[in-house]
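Presented below is the structure to which this report refers.
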Amino acid sequence: MNESLDRIHIKDLVISGILGIKPDERINPQDIRVNATLWADTRRASVSDDIDDAVNYRTITKRLIAHIEQGEPMLVERLVAELVDICLQSDDRIAAVEMTVEKPGALRHARSVGITIHRTRERSRSDA
């Protein structure tokens with residue numbers, strides 16, 4: 001990753017949604033925890049102090065929430081890839097995204113289970 005880029009963090013976003021393969025997971029919403037790091041150059045916004053020059057993390061977060069609440073993927077792998085794509089599509093200034101999606105309490109004796117992926121604009125999910 002380009003070390004000259006800055007990082008925007010979205011930490012511990014918890015949304016209720018349908019995720020999983022077990023019958024009860026298909027009908028009962030559960031907490032889904034999202035942590036994301038967005039790589040972007042924030043220098044222009046720091047000079048102008050204008051939201052139009054900034055990556056609007058509030059808008060991106062609203063899109064992530066809506067997707068989790070409305071989608072019903074079976075696998076964490078699919079959900080995390082979809083959420084990363086939403087981030088990359090939301091603002092051309094985002095060069096890369098690292099995201100972790102977790103299902104708290106999904107495994108007995110474990111606080112959570114999750115998947116972390118890192119995608120650059122050049123290597124998005126559509127390249128799979």
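Scheme for the structure tokens: letters A, B, ... for chains in order shown; per-chain residue numbers from 1; ligand numbers from 1 in order shown.
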Problem - Contacts of Asp41 (chain A) at 8 Å (only C-alpha atoms; same-chain gap of 4+ positions) as a list in words - result: Ser4, Leu5, Asp6, Arg93 and Ile94 of chain A
Using only C-alpha atoms, tabulate the residues of region 38-96 of chain A lying at most 6 Å from any atom of region 15-22 of chain A, each with its closest atom pair and that distance in Å to one decimal, by chain and increasing residue number, as a tab-separated table.
residue	atom	partner	partner_atom	distance
A:Ile68	CA	A:Gly17	CA	5.7
A:Glu69	CA	A:Gly17	CA	5.1
A:Glu72	CA	A:Ile18	CA	5.0
A:Pro73	CA	A:Leu19	CA	5.5
A:Met74	CA	A:Gly20	CA	4.6
A:Leu75	CA	A:Gly20	CA	5.8
Store the residues picked out above, limited to C-alpha atoms, as a tab-separated table (two decimals), in the first residue's frame.
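And here's out.tsv as it stands now:
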chain	number	residue	atom	x	y	z
A	68	ILE	CA	-26.21	-5.25	5.98
A	69	GLU	CA	-29.83	-4.59	6.98
A	72	GLU	CA	-29.08	-11.80	3.34
A	73	PRO	CA	-25.79	-13.43	2.29
A	74	MET	CA	-24.96	-16.94	3.39
A	75	LEU	CA	-21.22	-16.42	3.88
Practice task
Select, from A:Lys62, A:Thr100, A:Arg44, A:Gly71, the residue with the minimum atom-to-atom distance to Pro29 (chain A), counting only C-alpha atoms.
Solution key: A:Gly71
Practice task
Write out as a ChimeraX atom specification all residues of region 53-118 of chain A that DSSP puts in helix (DSSP H, G or I) for this structure's backbone.
Solution key: /A:53,57-70,76-90
Take the selection from the previous step and output its residues with N, CA and C atoms, as a CSV table (one decimal), in the first residue's frame.
chain,number,residue,atom,x,y,z
A,53,ASP,N,-14.1,18.2,-0.2
A,53,ASP,CA,-12.8,17.7,-0.5
A,53,ASP,C,-12.4,16.5,0.3
A,57,TYR,N,-17.1,9.8,5.3
A,57,TYR,CA,-17.2,8.5,6.0
A,57,TYR,C,-18.6,8.2,6.5
A,58,ARG,N,-19.4,9.3,6.7
A,58,ARG,CA,-20.7,9.2,7.2
A,58,ARG,C,-21.6,8.6,6.1
A,59,THR,N,-21.5,9.1,4.9
A,59,THR,CA,-22.2,8.6,3.8
A,59,THR,C,-21.9,7.1,3.5
A,60,ILE,N,-20.6,6.8,3.5
A,60,ILE,CA,-20.2,5.4,3.3
A,60,ILE,C,-20.7,4.5,4.4
A,61,THR,N,-20.7,4.9,5.6
A,61,THR,CA,-21.2,4.1,6.7
A,61,THR,C,-22.7,3.9,6.6
A,62,LYS,N,-23.4,4.9,6.2
A,62,LYS,CA,-24.9,4.7,5.9
A,62,LYS,C,-25.1,3.6,4.8
A,63,ARG,N,-24.3,3.6,3.8
A,63,ARG,CA,-24.4,2.6,2.7
A,63,ARG,C,-24.1,1.2,3.3
A,64,LEU,N,-23.1,1.1,4.1
A,64,LEU,CA,-22.7,-0.2,4.7
A,64,LEU,C,-23.9,-0.7,5.6
A,65,ILE,N,-24.5,0.2,6.4
A,65,ILE,CA,-25.6,-0.2,7.3
A,65,ILE,C,-26.8,-0.7,6.4
A,66,ALA,N,-27.1,0.1,5.4
A,66,ALA,CA,-28.3,-0.3,4.6
A,66,ALA,C,-28.0,-1.7,3.9
A,67,HIS,N,-26.8,-1.9,3.5
A,67,HIS,CA,-26.6,-3.2,2.8
A,67,HIS,C,-26.7,-4.4,3.8
A,68,ILE,N,-26.1,-4.2,5.0
A,68,ILE,CA,-26.2,-5.3,6.0
A,68,ILE,C,-27.7,-5.5,6.4
A,69,GLU,N,-28.4,-4.4,6.6
A,69,GLU,CA,-29.8,-4.6,7.0
A,69,GLU,C,-30.7,-5.2,5.9
A,70,GLN,N,-30.4,-5.0,4.6
A,70,GLN,CA,-31.2,-5.4,3.5
A,70,GLN,C,-30.7,-6.7,2.9
A,76,VAL,N,-19.8,-15.1,5.3
A,76,VAL,CA,-19.1,-13.8,5.7
A,76,VAL,C,-18.2,-13.4,4.5
A,77,GLU,N,-17.6,-14.3,3.8
A,77,GLU,CA,-16.8,-14.0,2.7
A,77,GLU,C,-17.5,-13.1,1.7
A,78,ARG,N,-18.7,-13.5,1.4
A,78,ARG,CA,-19.5,-12.7,0.4
A,78,ARG,C,-19.8,-11.3,1.0
A,79,LEU,N,-20.2,-11.2,2.2
A,79,LEU,CA,-20.6,-9.9,2.8
A,79,LEU,C,-19.4,-9.0,2.9
A,80,VAL,N,-18.3,-9.5,3.3
A,80,VAL,CA,-17.1,-8.6,3.5
A,80,VAL,C,-16.7,-8.1,2.1
A,81,ALA,N,-16.7,-8.9,1.1
A,81,ALA,CA,-16.4,-8.5,-0.3
A,81,ALA,C,-17.4,-7.4,-0.8
A,82,GLU,N,-18.7,-7.6,-0.6
A,82,GLU,CA,-19.7,-6.7,-1.0
A,82,GLU,C,-19.5,-5.3,-0.3
A,83,LEU,N,-19.2,-5.4,1.0
A,83,LEU,CA,-19.0,-4.1,1.7
A,83,LEU,C,-17.8,-3.4,1.2
A,84,VAL,N,-16.7,-4.1,0.9
A,84,VAL,CA,-15.5,-3.4,0.4
A,84,VAL,C,-15.8,-2.8,-0.9
A,85,ASP,N,-16.5,-3.5,-1.8
A,85,ASP,CA,-16.9,-2.9,-3.1
A,85,ASP,C,-17.7,-1.6,-2.9
A,86,ILE,N,-18.6,-1.6,-1.9
A,86,ILE,CA,-19.4,-0.4,-1.6
A,86,ILE,C,-18.5,0.8,-1.3
A,87,CYS,N,-17.5,0.5,-0.5
A,87,CYS,CA,-16.5,1.6,-0.1
A,87,CYS,C,-15.8,2.1,-1.4
A,88,LEU,N,-15.3,1.2,-2.2
A,88,LEU,CA,-14.5,1.6,-3.4
A,88,LEU,C,-15.4,2.3,-4.4
A,89,GLN,N,-16.7,1.9,-4.5
A,89,GLN,CA,-17.6,2.6,-5.4
A,89,GLN,C,-18.1,3.9,-4.9
A,90,SER,N,-18.0,4.1,-3.6
A,90,SER,CA,-18.6,5.3,-3.0
A,90,SER,C,-17.7,6.6,-3.3
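Between Leu38 (chain A) and the residues A:Arg108, A:Lys103, A:Arg119, A:Arg7, the shortest atom-to-atom distance, using only C-alpha atoms, involves A:Arg7.
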Handout entry: strand (DSSP E) positions in region 49-113 of chain A, given as a PyMOL selection string
Key = chain A and resi 96-104+112-113
Selected residues, N, CA and C atoms, written as a CSV table (one decimal), in the first residue's frame, please.
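Below you can see part35.csv, which holds the result:
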chain,number,residue,atom,x,y,z
A,96,ALA,N,-7.7,2.1,-1.4
A,96,ALA,CA,-7.7,0.7,-0.9
A,96,ALA,C,-8.6,0.6,0.3
A,97,VAL,N,-9.0,-0.6,0.6
A,97,VAL,CA,-9.9,-0.8,1.8
A,97,VAL,C,-9.4,-2.1,2.5
A,98,GLU,N,-9.2,-2.1,3.8
A,98,GLU,CA,-9.1,-3.3,4.5
A,98,GLU,C,-10.3,-3.4,5.5
A,99,MET,N,-10.9,-4.5,5.5
A,99,MET,CA,-12.2,-4.6,6.2
A,99,MET,C,-12.2,-6.0,6.9
A,100,THR,N,-12.7,-6.0,8.2
A,100,THR,CA,-13.0,-7.2,8.9
A,100,THR,C,-14.5,-7.2,9.2
A,101,VAL,N,-15.1,-8.4,8.9
A,101,VAL,CA,-16.5,-8.6,9.3
A,101,VAL,C,-16.5,-9.8,10.2
A,102,GLU,N,-17.2,-9.6,11.4
A,102,GLU,CA,-17.2,-10.6,12.4
A,102,GLU,C,-18.7,-11.0,12.8
A,103,LYS,N,-18.8,-12.2,13.2
A,103,LYS,CA,-20.1,-12.7,13.8
A,103,LYS,C,-19.8,-13.0,15.3
A,104,PRO,N,-20.1,-12.0,16.2
A,104,PRO,CA,-19.9,-12.3,17.6
A,104,PRO,C,-20.7,-13.5,18.1
A,112,SER,N,-15.8,-14.2,18.8
A,112,SER,CA,-16.3,-13.9,17.5
A,112,SER,C,-15.5,-14.7,16.5
A,113,VAL,N,-16.1,-14.8,15.3
A,113,VAL,CA,-15.3,-15.3,14.1
A,113,VAL,C,-15.5,-14.3,13.0
Handout entry: Minimum-distance residue to Thr42 (chain A), chosen among A:Ile10, A:Ile117, A:Ala54, A:Ile27 (using only C-alpha atoms)
Key =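 The shortest atom-to-atom distance to Thr42 (chain A) comes from A:Ala54.
Distance annotation: of A:Leu13, A:Ala95, A:Ala36, A:Ile51, the residue with the minimal separation from Arg121 (chain A) is A:Ala95; atom set is only C-alpha atoms.
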Practice task
Select, from A:Ala106, A:Ile8, A:Ile115, A:Val14, the residue with the minimum atom-to-atom distance to Val34 (chain A), counting only C-alpha atoms.
Solution key: A:Val14
